[in-house]
Amino acid sequence: ETGVTQTPRHLVMGMTNKKSLKCEQHLGHNAMYWYKQSAKKPLELMFVYSLEERVENNSVPSRFSPECPNSSHLFLHLHTLQPEDSALYLCASSYRYNEQFFGPGTRLTVL
Amino acid sequence: GESVGLHLPTLSVQEGDNSIINCAYSNSASDYFIWYKQESGKGPQFIIDIRSNMDKRQGQRVTVLLNKTVKHLSLQIAATQPGDSAVYFCAALPSGTYKYIFGTGTRLKVLA
């Protein structure tokens, strides 16, 4: 266990559904991240929240919407996704510019 | 743009031999580097890190070497074991940012 939990672990959704991914860290970190991991591709940074303020957004489509209500919780709201959005979505946290700890990921399948 | 590349997508080694996995980065402003191990169905797991003011760092059975001149990073695993089978990738962090840049990963296969 890394101290970063993600729910659900698996999610199957249709293109018209709305769902949310949840991440929680118990490490006292002050930065949280969402990554997308697709086969044979490097991890793609989607969002970074530092001290509850979004500091990076790598041109992610608006059908992905992050929310960070406090320094321990991070959500990724999903709506009208496309089949190419199927991937492993990883959450991570860190204390400033230091080692990131990853959660186990949510395996998302969009039908 | 910025990139981090791994030299081999797959590496097969005999159990008990040493493994070397290489990584190249492009951004000279990167000053913090991490090696991760990812097993099937799991998130990436921290192995070892190194900052740019060091050339070498050792952990338990693992060593990371950093050559800033040629922007090259390597992970050495001593006496490779079956439990080391996984995908390994490196990450580079440019100074003053949270924007880690990851490599694509090398799959290490340990042969009995």
# chains A, B, ... in the order shown; residues from 1 in each chain; ligands from 1
>>> residues_around(residues="His77 (chain A)", least_positions_apart="4", cutoff="9 Å", atoms="only C-alpha atoms", output="list in words")
Lys18, Lys19, Ser20, Leu21, Lys22, Arg63, Phe64, Ser65, Pro66 and Glu67 of chain A
>>> residues_around(residues="region 47-62 of chain B", least_positions_apart="6", cutoff="7 Å", atoms="only C-alpha atoms", output="ChimeraX atom specification")
/B:31-37,75-78
>>> write_last_selection(atoms="all heavy atoms", output="CSV table (one decimal), in the first residue's frame")
chain,number,residue,atom,x,y,z
B,31,ASP,N,16.1,18.3,-12.8
B,31,ASP,CA,17.1,18.1,-11.7
B,31,ASP,C,16.7,17.0,-10.7
B,31,ASP,O,17.4,16.9,-9.7
B,31,ASP,CB,17.3,19.5,-11.1
B,31,ASP,CG,16.1,20.0,-10.3
B,31,ASP,OD1,15.0,19.3,-10.4
B,31,ASP,OD2,16.2,21.0,-9.7
B,32,TYR,N,15.7,16.3,-11.1
B,32,TYR,CA,15.3,15.2,-10.1
B,32,TYR,C,14.8,14.1,-11.0
B,32,TYR,O,14.0,14.3,-11.9
B,32,TYR,CB,14.2,15.7,-9.2
B,32,TYR,CG,13.6,14.7,-8.2
B,32,TYR,CD1,14.5,14.0,-7.4
B,32,TYR,CD2,12.3,14.4,-8.1
B,32,TYR,CE1,14.0,13.1,-6.5
B,32,TYR,CE2,11.8,13.5,-7.2
B,32,TYR,CZ,12.7,12.8,-6.4
B,32,TYR,OH,12.2,11.9,-5.5
B,33,PHE,N,15.2,12.9,-10.7
B,33,PHE,CA,14.9,11.7,-11.5
B,33,PHE,C,14.5,10.5,-10.7
B,33,PHE,O,15.0,10.3,-9.6
B,33,PHE,CB,16.1,11.3,-12.3
B,33,PHE,CG,16.7,12.4,-13.1
B,33,PHE,CD1,17.6,13.3,-12.6
B,33,PHE,CD2,16.3,12.6,-14.5
B,33,PHE,CE1,18.1,14.4,-13.3
B,33,PHE,CE2,16.8,13.7,-15.2
B,33,PHE,CZ,17.7,14.6,-14.6
B,34,ILE,N,13.5,9.8,-11.2
B,34,ILE,CA,13.0,8.7,-10.4
B,34,ILE,C,12.9,7.5,-11.3
B,34,ILE,O,12.5,7.6,-12.5
B,34,ILE,CB,11.6,9.0,-9.9
B,34,ILE,CG1,11.5,10.2,-9.0
B,34,ILE,CG2,11.0,7.8,-9.0
B,34,ILE,CD1,10.1,10.6,-8.5
B,35,TRP,N,13.2,6.3,-10.8
B,35,TRP,CA,12.9,5.0,-11.5
B,35,TRP,C,11.7,4.4,-10.8
B,35,TRP,O,11.6,4.3,-9.5
B,35,TRP,CB,14.0,4.1,-11.4
B,35,TRP,CG,15.1,4.4,-12.5
B,35,TRP,CD1,16.3,5.0,-12.3
B,35,TRP,CD2,15.0,4.0,-13.8
B,35,TRP,NE1,16.9,5.1,-13.5
B,35,TRP,CE2,16.2,4.5,-14.4
B,35,TRP,CE3,14.1,3.3,-14.6
B,35,TRP,CZ2,16.5,4.3,-15.8
B,35,TRP,CZ3,14.4,3.1,-16.0
B,35,TRP,CH2,15.6,3.6,-16.5
B,36,TYR,N,10.7,3.9,-11.6
B,36,TYR,CA,9.5,3.3,-11.1
B,36,TYR,C,9.5,1.8,-11.7
B,36,TYR,O,9.9,1.6,-12.8
B,36,TYR,CB,8.3,4.0,-11.5
B,36,TYR,CG,8.0,5.3,-10.8
B,36,TYR,CD1,8.3,6.5,-11.3
B,36,TYR,CD2,7.3,5.2,-9.6
B,36,TYR,CE1,8.0,7.7,-10.7
B,36,TYR,CE2,7.0,6.4,-8.9
B,36,TYR,CZ,7.4,7.6,-9.4
B,36,TYR,OH,7.1,8.8,-8.8
B,37,LYS,N,8.8,1.0,-10.9
B,37,LYS,CA,8.5,-0.4,-11.3
B,37,LYS,C,7.0,-0.6,-11.3
B,37,LYS,O,6.4,-0.1,-10.4
B,37,LYS,CB,9.2,-1.4,-10.3
B,37,LYS,CG,8.8,-2.8,-10.5
B,37,LYS,CD,9.3,-3.7,-9.3
B,37,LYS,CE,9.0,-5.1,-9.5
B,37,LYS,NZ,9.5,-6.0,-8.4
B,75,LEU,N,19.5,2.4,-14.7
B,75,LEU,CA,19.1,1.6,-13.5
B,75,LEU,C,19.8,0.2,-13.5
B,75,LEU,O,19.6,-0.5,-14.5
B,75,LEU,CB,17.6,1.4,-13.4
B,75,LEU,CG,17.1,0.5,-12.2
B,75,LEU,CD1,17.2,1.3,-10.9
B,75,LEU,CD2,15.6,0.2,-12.4
B,76,GLN,N,20.5,-0.1,-12.5
B,76,GLN,CA,21.2,-1.4,-12.5
B,76,GLN,C,20.5,-2.2,-11.4
B,76,GLN,O,20.4,-1.7,-10.2
B,76,GLN,CB,22.7,-1.2,-12.2
B,76,GLN,CG,23.4,-0.4,-13.3
B,76,GLN,CD,24.8,-0.2,-13.0
B,76,GLN,OE1,25.4,-0.7,-12.1
B,76,GLN,NE2,25.5,0.6,-13.9
B,77,ILE,N,20.2,-3.4,-11.7
B,77,ILE,CA,19.6,-4.3,-10.7
B,77,ILE,C,20.6,-5.5,-10.6
B,77,ILE,O,20.9,-6.2,-11.6
B,77,ILE,CB,18.2,-4.8,-11.2
B,77,ILE,CG1,17.3,-3.7,-11.4
B,77,ILE,CG2,17.6,-5.8,-10.1
B,77,ILE,CD1,15.9,-4.1,-12.0
B,78,ALA,N,21.1,-5.7,-9.4
B,78,ALA,CA,22.0,-6.8,-9.1
B,78,ALA,C,21.3,-8.1,-8.8
B,78,ALA,O,20.2,-8.1,-8.2
B,78,ALA,CB,22.9,-6.4,-8.0
>>> interface_residues(of="chain A", to="chain B", cutoff="12 Å", atoms="only C-alpha atoms", output="number ranges by chain")
A: 1-6, 9-10, 30-50, 54-58, 88-107
>>> residues_around(residues="region 15-17 of chain A", least_positions_apart="2", cutoff="12 Å", atoms="only C-alpha atoms", output="JSON, numbers by chain")
{"A": [11, 12, 13, 19, 20, 63, 77, 78, 79, 80, 81, 82, 83, 84, 85, 86, 108, 109, 110, 111]}
>>> select_by_dssp(residues="chain A", states="strand (DSSP E or B)", output="VMD selection string")
chain A and resid 4 to 7 10 to 13 18 to 25 31 to 37 44 to 50 53 to 57 64 to 70 73 to 79 87 to 94 101 to 102 106 to 110
>>> atom_distance(atom1="CA of Pro82 (chain B)", atom2="CA of Tyr25 (chain B)")
28.6 Å
>>> atom_distance(atom1="CA of Val64 (chain B)", atom2="CA of Ile20 (chain B)")
9.6 Å
>>> closest_residue(among="A:Pro61, A:His29, A:Phe75, A:Ala87", to="Thr7 (chain A)", atoms="only C-alpha atoms")
A:Phe75
>>> closest_residue(among="B:Ser74, B:Ser40, B:Thr63, B:Thr10", to="Cys23 (chain B)", atoms="only C-alpha atoms")
B:Ser74
>>> atom_distance(atom1="CA of Val87 (chain B)", atom2="CA of Leu74 (chain A)")
26.4 Å
>>> residues_around(residues="Thr80 (chain B)", least_positions_apart="6", cutoff="6 Å", atoms="only C-alpha atoms", output="list of chain:residue names")
B:Glu15, B:Gly16, B:Asp17, B:Asn18
